[in-house]
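Here is upload_8.txt, consisting of compact mmCIF, C-alpha atoms and all ligand atoms:
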```
# COMPACT_ATOMS: atom_id res chain seq x y z
CA MET A 103 -60.77 -15.58 59.47
CA ALA A 104 -62.05 -12.72 61.52
CA ASP A 105 -65.12 -11.16 60.11
CA LEU A 106 -66.19 -7.79 61.46
CA GLU A 107 -69.86 -8.63 61.19
CA GLN A 108 -69.36 -11.84 63.14
CA GLN A 109 -67.16 -10.60 65.94
CA PRO A 110 -67.82 -7.12 67.30
CA TYR A 111 -64.66 -7.08 69.42
CA LEU A 112 -62.42 -7.80 66.47
CA ARG A 113 -62.54 -4.26 65.22
CA PRO A 114 -59.77 -1.67 64.93
CA GLY A 115 -58.92 -0.12 68.28
CA VAL A 116 -60.53 -2.99 70.21
CA ALA A 117 -58.70 -6.04 68.83
CA GLY A 118 -55.07 -6.40 69.90
CA ALA A 119 -53.95 -5.58 66.38
CA THR A 120 -55.37 -4.57 63.03
CA LEU A 121 -54.34 -6.30 59.82
CA THR A 122 -54.90 -4.12 56.78
CA VAL A 123 -54.81 -5.81 53.39
CA ASP A 124 -54.34 -3.41 50.50
CA LEU A 125 -56.29 -4.92 47.61
CA GLY A 126 -55.16 -2.06 45.34
CA ALA A 127 -51.53 -3.03 45.92
CA LEU A 128 -52.44 -6.69 45.30
CA ARG A 129 -54.01 -5.68 41.99
CA SER A 130 -50.93 -3.63 40.98
CA ASN A 131 -48.65 -6.53 41.84
CA TYR A 132 -50.76 -8.85 39.70
CA LEU A 133 -50.77 -6.43 36.78
CA LYS A 134 -47.02 -5.96 37.07
CA LEU A 135 -46.36 -9.72 36.98
CA ASN A 136 -48.88 -10.15 34.18
CA ASP A 137 -47.03 -7.49 32.20
CA LEU A 138 -43.71 -9.12 32.90
CA CYS A 139 -44.75 -12.54 31.65
CA GLY A 140 -45.83 -11.20 28.27
CA ALA A 141 -47.91 -13.65 26.27
CA ALA A 142 -47.84 -16.29 29.02
CA GLU A 143 -50.87 -16.48 31.30
CA CYS A 144 -50.39 -15.14 34.82
CA ALA A 145 -52.11 -17.44 37.31
CA ALA A 146 -52.02 -17.03 41.10
CA ALA A 147 -50.99 -19.27 43.99
CA VAL A 148 -53.62 -18.68 46.69
CA LYS A 149 -52.90 -21.60 49.01
CA GLY A 150 -52.61 -21.02 52.76
CA ASP A 151 -55.60 -18.62 52.82
CA ALA A 152 -53.87 -16.58 50.10
CA TYR A 153 -50.67 -16.47 52.15
CA GLY A 154 -52.61 -15.38 55.22
CA THR A 155 -54.30 -12.42 53.55
CA GLY A 156 -57.80 -13.91 53.19
CA VAL A 157 -58.57 -16.05 50.16
CA ALA A 158 -62.12 -14.87 49.40
CA ARG A 159 -61.29 -11.16 49.00
CA VAL A 160 -58.00 -11.92 47.30
CA VAL A 161 -59.39 -14.15 44.57
CA GLU A 162 -62.23 -11.69 43.86
CA THR A 163 -59.69 -8.91 43.41
CA LEU A 164 -57.37 -11.00 41.26
CA SER A 165 -60.24 -12.17 39.13
CA GLU A 166 -61.31 -8.56 38.51
CA ALA A 167 -57.70 -7.84 37.50
CA GLY A 168 -57.94 -10.58 34.85
CA CYS A 169 -56.62 -13.67 36.63
CA LYS A 170 -58.37 -16.83 35.45
CA THR A 171 -56.37 -19.67 36.99
CA PHE A 172 -55.72 -20.32 40.70
CA PHE A 173 -53.56 -22.83 42.54
CA VAL A 174 -54.39 -24.10 46.04
CA ALA A 175 -52.64 -26.85 47.99
CA GLN A 176 -55.64 -28.74 49.35
CA LEU A 177 -59.17 -29.70 48.50
CA SER A 178 -60.44 -27.80 51.58
CA GLU A 179 -58.93 -24.59 50.17
CA ALA A 180 -60.39 -25.13 46.72
CA VAL A 181 -63.88 -25.01 48.24
CA HIS A 182 -63.40 -21.33 49.15
CA VAL A 183 -62.06 -20.36 45.73
CA ARG A 184 -64.91 -22.16 43.98
CA ALA A 185 -67.47 -20.45 46.24
CA ALA A 186 -66.04 -17.03 45.37
CA LEU A 187 -65.44 -17.69 41.65
CA PRO A 188 -67.86 -20.05 39.89
CA GLN A 189 -65.97 -19.77 36.57
CA ALA A 190 -62.30 -19.90 37.62
CA ILE A 191 -59.88 -22.68 36.75
CA ILE A 192 -58.69 -24.18 40.04
CA TYR A 193 -55.73 -26.53 40.36
CA VAL A 194 -55.10 -28.54 43.53
CA LEU A 195 -51.31 -28.78 43.89
CA ASN A 196 -51.23 -31.65 46.37
CA GLY A 197 -52.83 -33.84 43.75
CA LEU A 198 -55.66 -36.31 43.80
CA VAL A 199 -56.76 -37.35 47.29
CA PHE A 200 -57.42 -41.11 47.29
CA ALA A 201 -61.04 -41.97 46.46
CA GLU A 202 -62.06 -38.28 46.25
CA ALA A 203 -62.12 -37.93 42.46
CA GLY A 204 -65.88 -37.36 42.65
CA SER A 205 -65.35 -34.27 44.81
CA TYR A 206 -62.95 -32.78 42.25
CA ALA A 207 -65.48 -33.46 39.51
CA ASP A 208 -68.40 -31.98 41.49
CA MET A 209 -66.49 -28.75 42.15
CA ARG A 210 -64.85 -28.73 38.69
CA LEU A 211 -61.37 -28.82 40.24
CA ARG A 212 -58.26 -29.95 38.44
CA PRO A 213 -55.91 -32.21 40.38
CA VAL A 214 -52.18 -31.76 39.78
CA LEU A 215 -51.33 -35.44 39.31
CA GLY A 216 -47.89 -36.31 40.67
CA THR A 217 -47.59 -40.10 40.37
CA VAL A 218 -48.52 -42.73 37.79
CA GLU A 219 -50.93 -44.11 40.40
CA GLU A 220 -52.80 -40.79 40.61
CA ILE A 221 -52.82 -40.48 36.83
CA ALA A 222 -54.34 -43.96 36.47
CA GLU A 223 -56.93 -43.24 39.17
CA TRP A 224 -58.06 -39.97 37.53
CA SER A 225 -58.04 -41.55 34.09
CA GLN A 226 -60.16 -44.50 35.21
CA PHE A 227 -62.56 -42.23 37.07
CA CYS A 228 -63.03 -40.12 33.94
CA GLU A 229 -63.61 -43.22 31.82
CA ALA A 230 -66.12 -44.51 34.35
CA ILE A 231 -68.18 -41.31 34.25
CA GLY A 232 -67.66 -40.85 30.52
CA LYS A 233 -66.17 -37.34 30.75
CA ARG A 234 -62.65 -36.29 29.79
CA LEU A 235 -62.08 -33.95 32.75
CA PRO A 236 -58.98 -31.74 32.80
CA ALA A 237 -55.95 -32.19 35.07
CA ALA A 238 -52.32 -31.15 35.24
CA VAL A 239 -49.38 -33.53 35.44
CA HIS A 240 -46.47 -32.59 37.68
CA VAL A 241 -43.01 -33.82 36.70
CA ASP A 242 -40.10 -33.59 39.11
CA THR A 243 -37.06 -31.74 37.81
CA GLY A 244 -34.93 -31.84 40.95
CA ILE A 245 -36.80 -30.60 44.00
CA ASN A 246 -37.76 -34.21 44.84
CA ARG A 247 -40.99 -33.32 46.55
CA LEU A 248 -43.96 -34.02 44.29
CA GLY A 249 -44.07 -35.04 40.65
CA LEU A 250 -43.26 -37.93 38.33
CA THR A 251 -39.70 -39.26 38.46
CA GLN A 252 -37.72 -39.84 35.28
CA ARG A 253 -38.68 -43.53 35.48
CA GLU A 254 -42.37 -42.72 35.84
CA VAL A 255 -42.15 -40.45 32.80
CA GLU A 256 -40.68 -43.39 30.87
CA THR A 257 -43.44 -45.69 32.15
CA LEU A 258 -46.02 -43.22 30.96
CA SER A 259 -44.46 -42.62 27.56
CA SER A 260 -44.34 -46.38 26.93
CA ALA A 261 -47.92 -46.89 28.19
CA PRO A 262 -49.85 -43.78 27.05
CA GLU A 263 -53.16 -45.60 27.65
CA LEU A 264 -52.62 -44.99 31.39
CA ALA A 265 -53.41 -41.33 30.79
CA ALA A 266 -55.86 -41.75 27.94
CA GLY A 267 -59.07 -41.09 29.87
CA PHE A 268 -58.64 -37.44 30.81
CA ASP A 269 -57.83 -34.08 29.29
CA TRP A 270 -54.11 -33.48 30.02
CA ALA A 271 -54.31 -29.70 30.16
CA LEU A 272 -50.96 -28.70 31.66
CA THR A 273 -47.53 -30.17 32.36
CA MET A 274 -45.80 -28.47 35.25
CA SER A 275 -42.75 -28.59 37.48
CA HIS A 276 -41.48 -26.53 40.40
CA LEU A 277 -38.17 -24.73 40.94
CA ALA A 278 -36.13 -25.31 44.09
CA CYS A 279 -33.93 -22.20 44.00
CA ALA A 280 -35.86 -19.56 42.07
CA ASP A 281 -35.33 -16.95 44.82
CA ASP A 282 -31.64 -17.00 43.83
CA PRO A 283 -31.57 -16.17 40.09
CA ALA A 284 -27.86 -17.02 39.79
CA HIS A 285 -28.26 -20.50 41.26
CA PRO A 286 -27.17 -23.18 38.73
CA MET A 287 -30.11 -25.37 39.78
CA ASN A 288 -32.47 -23.04 37.87
CA SER A 289 -31.03 -23.73 34.43
CA GLU A 290 -30.56 -27.42 35.30
CA GLN A 291 -34.25 -27.72 36.12
CA LEU A 292 -35.17 -25.80 32.96
CA ALA A 293 -33.16 -28.24 30.81
CA ARG A 294 -34.60 -31.23 32.63
CA PHE A 295 -38.14 -29.91 32.19
CA ASN A 296 -37.61 -29.58 28.44
CA ALA A 297 -36.12 -33.09 28.23
CA LEU A 298 -39.04 -34.62 30.16
CA ARG A 299 -41.61 -32.75 28.09
CA ASP A 300 -40.05 -34.21 24.93
CA GLN A 301 -41.08 -37.66 26.17
CA LEU A 302 -44.65 -36.65 26.98
CA PRO A 303 -47.72 -35.45 25.07
CA LYS A 304 -47.51 -31.86 23.82
CA THR A 305 -49.48 -29.78 26.29
CA GLU A 306 -49.26 -26.32 27.77
CA ALA A 307 -46.48 -26.00 30.33
CA SER A 308 -45.72 -24.15 33.57
CA LEU A 309 -42.51 -23.94 35.59
CA ALA A 310 -42.24 -20.55 37.30
CA ASN A 311 -43.28 -19.39 40.75
CA SER A 312 -42.63 -15.72 41.69
CA GLY A 313 -38.86 -16.04 41.57
CA GLY A 314 -38.95 -17.99 38.32
CA THR A 315 -41.15 -15.34 36.72
CA LEU A 316 -38.46 -12.74 37.42
CA ILE A 317 -35.43 -14.78 36.30
CA ASP A 318 -35.98 -14.77 32.55
CA LYS A 319 -38.71 -15.26 29.97
CA ALA A 320 -37.29 -18.75 29.22
CA TYR A 321 -39.00 -19.79 32.45
CA HIS A 322 -42.46 -18.49 31.54
CA TYR A 323 -43.73 -21.17 29.13
CA ASP A 324 -47.53 -20.88 28.82
CA LEU A 325 -48.40 -20.04 32.41
CA VAL A 326 -46.63 -18.63 35.48
CA ARG A 327 -47.81 -19.25 39.05
CA PRO A 328 -46.58 -16.49 41.37
CA GLY A 329 -47.59 -16.47 45.02
CA VAL A 330 -45.46 -14.47 47.43
CA ALA A 331 -44.77 -11.60 45.01
CA LEU A 332 -48.50 -10.92 44.71
CA TYR A 333 -48.64 -10.41 48.47
CA GLY A 334 -45.67 -8.04 48.47
CA GLY A 335 -42.87 -10.46 49.39
CA ASN A 336 -39.55 -9.96 47.67
CA PRO A 337 -39.22 -12.66 45.01
CA SER A 338 -35.41 -12.37 44.82
CA PRO A 339 -34.29 -10.99 48.20
CA PRO A 340 -30.77 -9.66 47.54
CA GLU A 341 -32.30 -7.30 44.97
CA PRO A 342 -34.55 -4.40 46.03
CA ASN A 343 -38.18 -5.51 46.24
CA PRO A 344 -40.04 -4.57 43.04
CA MET A 345 -43.45 -5.39 44.55
CA GLN A 346 -45.78 -3.15 46.52
CA PRO A 347 -46.46 -4.05 50.16
CA VAL A 348 -49.95 -5.53 50.58
CA VAL A 349 -50.06 -6.18 54.30
CA ARG A 350 -49.86 -3.77 57.17
CA LEU A 351 -50.17 -4.65 60.83
CA ASP A 352 -50.76 -2.10 63.58
CA SER A 353 -51.22 -2.51 67.29
CA LEU A 354 -51.75 -0.12 70.21
CA VAL A 355 -49.84 0.55 73.43
CA LEU A 356 -51.53 -1.07 76.46
CA GLN A 357 -49.42 0.77 78.99
CA VAL A 358 -46.04 2.43 79.43
CA ARG A 359 -44.02 1.55 82.49
CA GLU A 360 -40.93 3.05 84.07
CA VAL A 361 -38.25 0.46 84.70
CA ALA A 362 -35.29 1.16 86.99
CA ALA A 363 -31.73 0.57 85.79
CA GLY A 364 -30.76 -3.03 86.56
CA SER A 365 -34.32 -4.42 86.43
CA THR A 366 -35.27 -7.10 83.94
CA VAL A 367 -38.26 -7.38 81.59
CA GLY A 368 -40.21 -10.48 80.52
CA TYR A 369 -39.89 -14.26 80.75
CA GLY A 370 -36.48 -15.62 81.52
CA ALA A 371 -35.35 -12.12 82.61
CA LYS A 372 -33.55 -11.89 79.27
CA TRP A 373 -33.55 -8.10 78.96
CA ARG A 374 -31.96 -5.90 81.59
CA ALA A 375 -32.34 -2.13 81.69
CA GLN A 376 -28.95 -0.44 81.35
CA ARG A 377 -30.46 2.89 82.39
CA PRO A 378 -33.82 4.09 83.74
CA SER A 379 -36.10 2.98 80.89
CA LYS A 380 -39.58 3.37 79.51
CA ILE A 381 -41.14 0.12 78.35
CA ALA A 382 -44.32 -0.01 76.26
CA VAL A 383 -46.44 -3.16 76.44
CA VAL A 384 -48.09 -4.06 73.11
CA PRO A 385 -50.79 -6.73 72.71
CA ILE A 386 -49.38 -8.95 69.99
CA GLY A 387 -47.54 -12.19 70.68
CA TYR A 388 -46.58 -15.53 69.24
CA TYR A 389 -50.21 -16.65 69.18
CA ASP A 390 -50.69 -13.87 66.62
CA GLY A 391 -47.80 -15.03 64.48
CA TYR A 392 -45.29 -12.63 66.00
CA PHE A 393 -42.57 -15.24 66.39
CA ARG A 394 -40.87 -15.87 69.71
CA SER A 395 -37.59 -16.11 67.80
CA LEU A 396 -37.81 -12.38 67.04
CA PHE A 397 -36.16 -11.52 70.34
CA ASP A 398 -32.46 -12.10 70.29
CA THR A 399 -30.40 -9.75 72.42
CA HIS A 400 -27.21 -10.74 70.59
CA ALA A 401 -28.25 -9.74 67.09
CA ASP A 402 -26.92 -6.39 65.83
CA ASP A 403 -29.95 -6.35 63.55
CA GLN A 404 -32.50 -6.09 66.35
CA ALA A 405 -36.19 -6.70 65.91
CA GLY A 406 -38.62 -4.01 66.91
CA VAL A 407 -41.64 -1.88 66.08
CA CYS A 408 -42.19 1.67 64.93
CA ILE A 409 -43.97 4.33 66.94
CA GLU A 410 -44.58 7.67 65.26
CA GLY A 411 -41.99 6.74 62.68
CA GLN A 412 -39.31 6.01 65.28
CA PHE A 413 -37.82 2.58 65.89
CA ALA A 414 -38.39 0.90 69.26
CA PRO A 415 -36.50 -2.38 69.81
CA LEU A 416 -38.00 -5.40 71.55
CA ALA A 417 -37.08 -5.43 75.23
CA GLY A 418 -37.52 -8.98 76.49
CA ARG A 419 -38.98 -12.15 75.09
CA VAL A 420 -42.09 -12.30 72.96
CA SER A 421 -44.94 -13.73 75.09
CA MET A 422 -48.03 -15.50 73.80
CA ASP A 423 -50.16 -12.34 73.92
CA MET A 424 -47.79 -9.40 74.18
CA ILE A 425 -44.42 -7.87 73.53
CA THR A 426 -42.45 -5.27 75.46
CA VAL A 427 -40.55 -2.57 73.58
CA ASP A 428 -38.02 0.01 74.70
CA VAL A 429 -39.47 3.47 74.04
CA THR A 430 -36.96 5.39 76.19
CA ASP A 431 -35.48 7.11 73.13
CA ILE A 432 -38.73 7.99 71.43
CA ALA A 433 -38.88 11.76 71.34
CA GLY A 434 -41.56 13.61 73.26
CA GLU A 435 -43.98 12.46 75.93
CA SER A 436 -46.33 11.09 73.35
CA VAL A 437 -46.13 7.34 73.90
CA GLN A 438 -49.06 6.38 76.09
CA ARG A 439 -51.99 4.01 76.39
CA GLY A 440 -53.61 3.82 72.94
CA THR A 441 -50.64 5.10 70.90
CA LYS A 442 -50.49 3.36 67.53
CA VAL A 443 -47.67 0.85 67.02
CA GLU A 444 -46.52 -0.24 63.56
CA ILE A 445 -45.61 -3.93 63.53
CA ILE A 446 -45.50 -4.21 59.71
CA GLY A 447 -45.97 -1.14 57.54
CA PRO A 448 -44.16 1.67 55.75
CA ASN A 449 -41.12 1.45 58.05
CA ILE A 450 -40.99 -2.28 58.74
CA SER A 451 -41.44 -4.70 55.85
CA VAL A 452 -42.58 -8.32 55.94
CA ASP A 453 -39.06 -9.09 54.74
CA ASP A 454 -37.57 -7.26 57.77
CA VAL A 455 -39.68 -9.28 60.20
CA ALA A 456 -38.72 -12.48 58.36
CA ARG A 457 -35.01 -11.65 58.52
CA TRP A 458 -35.20 -10.81 62.25
CA ALA A 459 -36.96 -14.09 62.96
CA GLY A 460 -34.53 -16.11 60.85
CA THR A 461 -37.24 -17.13 58.41
CA ILE A 462 -38.80 -16.19 55.06
CA PRO A 463 -41.63 -13.75 54.29
CA TYR A 464 -43.87 -16.71 53.39
CA GLU A 465 -43.82 -17.89 56.99
CA VAL A 466 -44.46 -14.40 58.39
CA LEU A 467 -47.49 -13.97 56.12
CA THR A 468 -48.98 -17.43 56.60
CA ALA A 469 -48.54 -17.20 60.38
CA LEU A 470 -50.60 -14.00 60.61
CA GLY A 471 -53.05 -14.56 63.40
CA SER A 472 -56.77 -15.04 63.67
CA ARG A 473 -57.59 -12.48 66.36
CA TYR A 474 -56.82 -9.36 64.39
CA ALA A 475 -59.30 -6.83 63.17
CA ARG A 476 -59.10 -7.38 59.41
CA VAL A 477 -59.57 -4.41 57.16
CA TYR A 478 -59.55 -4.51 53.36
CA VAL A 479 -58.73 -1.27 51.58
CA ASN A 480 -58.54 -0.50 47.91
C1 LIG B 501 -46.48 -22.19 46.40
C2 LIG B 501 -46.21 -22.59 45.02
C3 LIG B 501 -46.10 -21.61 44.02
C4 LIG B 501 -46.00 -20.13 44.33
O1 LIG B 501 -44.70 -19.92 44.88
P1 LIG B 501 -44.13 -18.48 45.27
O2 LIG B 501 -42.70 -18.78 45.60
O3 LIG B 501 -44.90 -18.03 46.46
O4 LIG B 501 -44.30 -17.59 44.12
C5 LIG B 501 -46.00 -22.04 42.70
N1 LIG B 501 -45.98 -23.36 42.41
C6 LIG B 501 -46.06 -24.33 43.35
C7 LIG B 501 -46.03 -25.76 42.96
C8 LIG B 501 -46.17 -23.97 44.69
O5 LIG B 501 -46.23 -24.92 45.63
```

Go through the file and emit its structure as structure tokens.
Amino acid sequence: MADLEQQPYLRPGVAGATLTVDLGALRSNYLKLNDLCGAAECAAAVKGDAYGTGVARVVETLSEAGCKTFFVAQLSEAVHVRAALPQAIIYVLNGLVFAEAGSYADMRLRPVLGTVEEIAEWSQFCEAIGKRLPAAVHVDTGINRLGLTQREVETLSSAPELAAGFDWALTMSHLACADDPAHPMNSEQLARFNALRDQLPKTEASLANSGGTLIDKAYHYDLVRPGVALYGGNPSPPEPNPMQPVVRLDSLVLQVREVAAGSTVGYGAKWRAQRPSKIAVVPIGYYDGYFRSLFDTHADDQAGVCIEGQFAPLAGRVSMDMITVDVTDIAGESVQRGTKVEIIGPNISVDDVARWAGTIPYEVLTALGSRYARVYVN
């Protein structure tokens, strides 16, 4: 994470690009989701450095907005949340790392236990230290990634002593197709979750990510765990995005060059000028999370940037440290060294960049680079 105090050359106008994270928009998105889930608690998924936006500032903001429970993927990520929020409830989605139970206890973290083996290990650890520490239990309802299988649920219901040593605070599962509200898998997983819960101790329950939170209140249970929607990603893409954009990314023109008709631009000579052209060179590349797959001369839906509100398509392949864009049609003589270039912002959404690159907004956000100036606004 770039920190302005630590790195004087990672400041706006000097760094190749400036990432602006709108904490006010983050707060509004949280409040909107919190409103939507009614009596259920609205937690937050903050794994992957809060989807690339910077976990420390994000969890502070969410906490001020009323969020009490946070989900990270790994123990290393939980450390940052705990440092920022001494009182928060922190779940570690990837479960209990072998022989690390003591670390969870020291940092008051709750593992999301996904196998009978993990359950037994946590239970025995708690018995050994004489404290019934809380944890969640993850049951699989069809995604087949983490979580107890049907058989493991049966094992556990016939041998409840396996889980007797700890405080079973939450039973959760995860939806595979929540970004598509009409997908039949959603209601299948809901039914399966209810059936599995019937065989287990009565605890609080959680099923919904961002998409699940928007499908229907049947998916809310006691706690929802949105991630991408907090950061402005569209939770159900065919529909218009109800969330506010949180991230904006701006760069600056390094130089503008005149290119003769017939000349090519960039690696592989993949772009050829059809007319005398003006090409702006912009210092952001695949090292910065601006994917190489964004350049595809055959797509009708071409990737590009915005300069003074006007679209400029990529001209040539994305390099490690720069892109080249066609500014021939940008009105006026105004594009020059230092002109501001919108990579993501009011005209180009995270979802646009994801679509152009053939990926999802999650990957665009979590790939955001480390050599940006980072600015937090409210
Ligand atoms: C990442 C994750 C979430 C949040 O998902 P979004 O689709 O970003 O809302 C919720 N639950 C689990 C188990 C996750 O891994």

(Q) Taking only C-alpha atoms and all ligand atoms into account, which residues have an atom no farther than 10 Å from ligand LIG 501 (chain B)? I'd like them as an MDAnalysis selection string. (A) chainID A and resid 145:150 152:153 173:175 194:196 214 240 247:249 274:281 308:315 326:333 335:338 463:464

Q | Pick from A:Leu396, A:Leu302, A:Val361, A:Ala117 nearest to Ala459 of chain A, counting all atoms listed in the file | A | A:Leu396

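Between atom CA of Ala190 of chain A and atom CA of Tyr132 of chain A there is a distance of 16.1 Å.
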
Q: Tell me which of A:Leu235, A:Asp300, A:Asp282, A:Leu211 sits closest to Val255 of chain A, counting all atoms listed in the file.
A: A:Asp300

Q.
Just checking: using only C-alpha atoms, which residue out of A:Gln438, A:Thr155, A:Asn480, A:Thr122 ends up closest to Val466 of chain A?
A. A:Thr155

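Atom CA of Thr468 of chain A sits 4.4 Å away from atom CA of Gly154 of chain A.
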
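Proximity of A:Gly126, A:Met424, A:Arg294, A:Arg457 to Gln357 of chain A, computed with all atoms listed in the file, is greatest for A:Met424.
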
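With atom CA of Glu202 of chain A on one side and atom CA of Glu179 of chain A on the other, the separation reads 14.6 Å.
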
Q: Name all residues at most 12 Å from segment 377-383 of chain A (count all atoms listed in the file; drop same-chain ones fewer than 4 positions away) and give them as an MDAnalysis selection string.
A: chainID A and resid 118 353:368 373 387 406:409 414:421 423:433 435:443

Can you pull out the residues contacting segment 216-231 of chain A? Cut-off 10 Å, using only C-alpha atoms, and skip same-chain residues under 6 positions away; I want them as a PDB file with C-alpha atoms, in the frame of the given file.
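Below is the file that was written, selection-v1.pdb:
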```
ATOM      1  CA  LEU A 195     -51.310 -28.780  43.890  1.00  0.00           C
ATOM      2  CA  ASN A 196     -51.230 -31.650  46.370  1.00  0.00           C
ATOM      3  CA  GLY A 197     -52.830 -33.840  43.750  1.00  0.00           C
ATOM      4  CA  LEU A 198     -55.660 -36.310  43.800  1.00  0.00           C
ATOM      5  CA  VAL A 199     -56.760 -37.350  47.290  1.00  0.00           C
ATOM      6  CA  PHE A 200     -57.420 -41.110  47.290  1.00  0.00           C
ATOM      7  CA  ALA A 201     -61.040 -41.970  46.460  1.00  0.00           C
ATOM      8  CA  GLU A 202     -62.060 -38.280  46.250  1.00  0.00           C
ATOM      9  CA  ALA A 203     -62.120 -37.930  42.460  1.00  0.00           C
ATOM     10  CA  GLY A 204     -65.880 -37.360  42.650  1.00  0.00           C
ATOM     11  CA  TYR A 206     -62.950 -32.780  42.250  1.00  0.00           C
ATOM     12  CA  ALA A 207     -65.480 -33.460  39.510  1.00  0.00           C
ATOM     13  CA  ALA A 237     -55.950 -32.190  35.070  1.00  0.00           C
ATOM     14  CA  ALA A 238     -52.320 -31.150  35.240  1.00  0.00           C
ATOM     15  CA  VAL A 239     -49.380 -33.530  35.440  1.00  0.00           C
ATOM     16  CA  HIS A 240     -46.470 -32.590  37.680  1.00  0.00           C
ATOM     17  CA  VAL A 241     -43.010 -33.820  36.700  1.00  0.00           C
ATOM     18  CA  ASP A 242     -40.100 -33.590  39.110  1.00  0.00           C
ATOM     19  CA  ARG A 247     -40.990 -33.320  46.550  1.00  0.00           C
ATOM     20  CA  LEU A 248     -43.960 -34.020  44.290  1.00  0.00           C
ATOM     21  CA  GLY A 249     -44.070 -35.040  40.650  1.00  0.00           C
ATOM     22  CA  LEU A 250     -43.260 -37.930  38.330  1.00  0.00           C
ATOM     23  CA  THR A 251     -39.700 -39.260  38.460  1.00  0.00           C
ATOM     24  CA  GLU A 254     -42.370 -42.720  35.840  1.00  0.00           C
ATOM     25  CA  VAL A 255     -42.150 -40.450  32.800  1.00  0.00           C
ATOM     26  CA  THR A 257     -43.440 -45.690  32.150  1.00  0.00           C
ATOM     27  CA  LEU A 258     -46.020 -43.220  30.960  1.00  0.00           C
ATOM     28  CA  GLU A 263     -53.160 -45.600  27.650  1.00  0.00           C
ATOM     29  CA  LEU A 264     -52.620 -44.990  31.390  1.00  0.00           C
ATOM     30  CA  ALA A 265     -53.410 -41.330  30.790  1.00  0.00           C
ATOM     31  CA  ALA A 266     -55.860 -41.750  27.940  1.00  0.00           C
ATOM     32  CA  GLY A 267     -59.070 -41.090  29.870  1.00  0.00           C
ATOM     33  CA  PHE A 268     -58.640 -37.440  30.810  1.00  0.00           C
ATOM     34  CA  ASP A 269     -57.830 -34.080  29.290  1.00  0.00           C
ATOM     35  CA  TRP A 270     -54.110 -33.480  30.020  1.00  0.00           C
ATOM     36  CA  MET A 274     -45.800 -28.470  35.250  1.00  0.00           C
ATOM     37  CA  SER A 275     -42.750 -28.590  37.480  1.00  0.00           C
TER      38      SER A 275
END
```
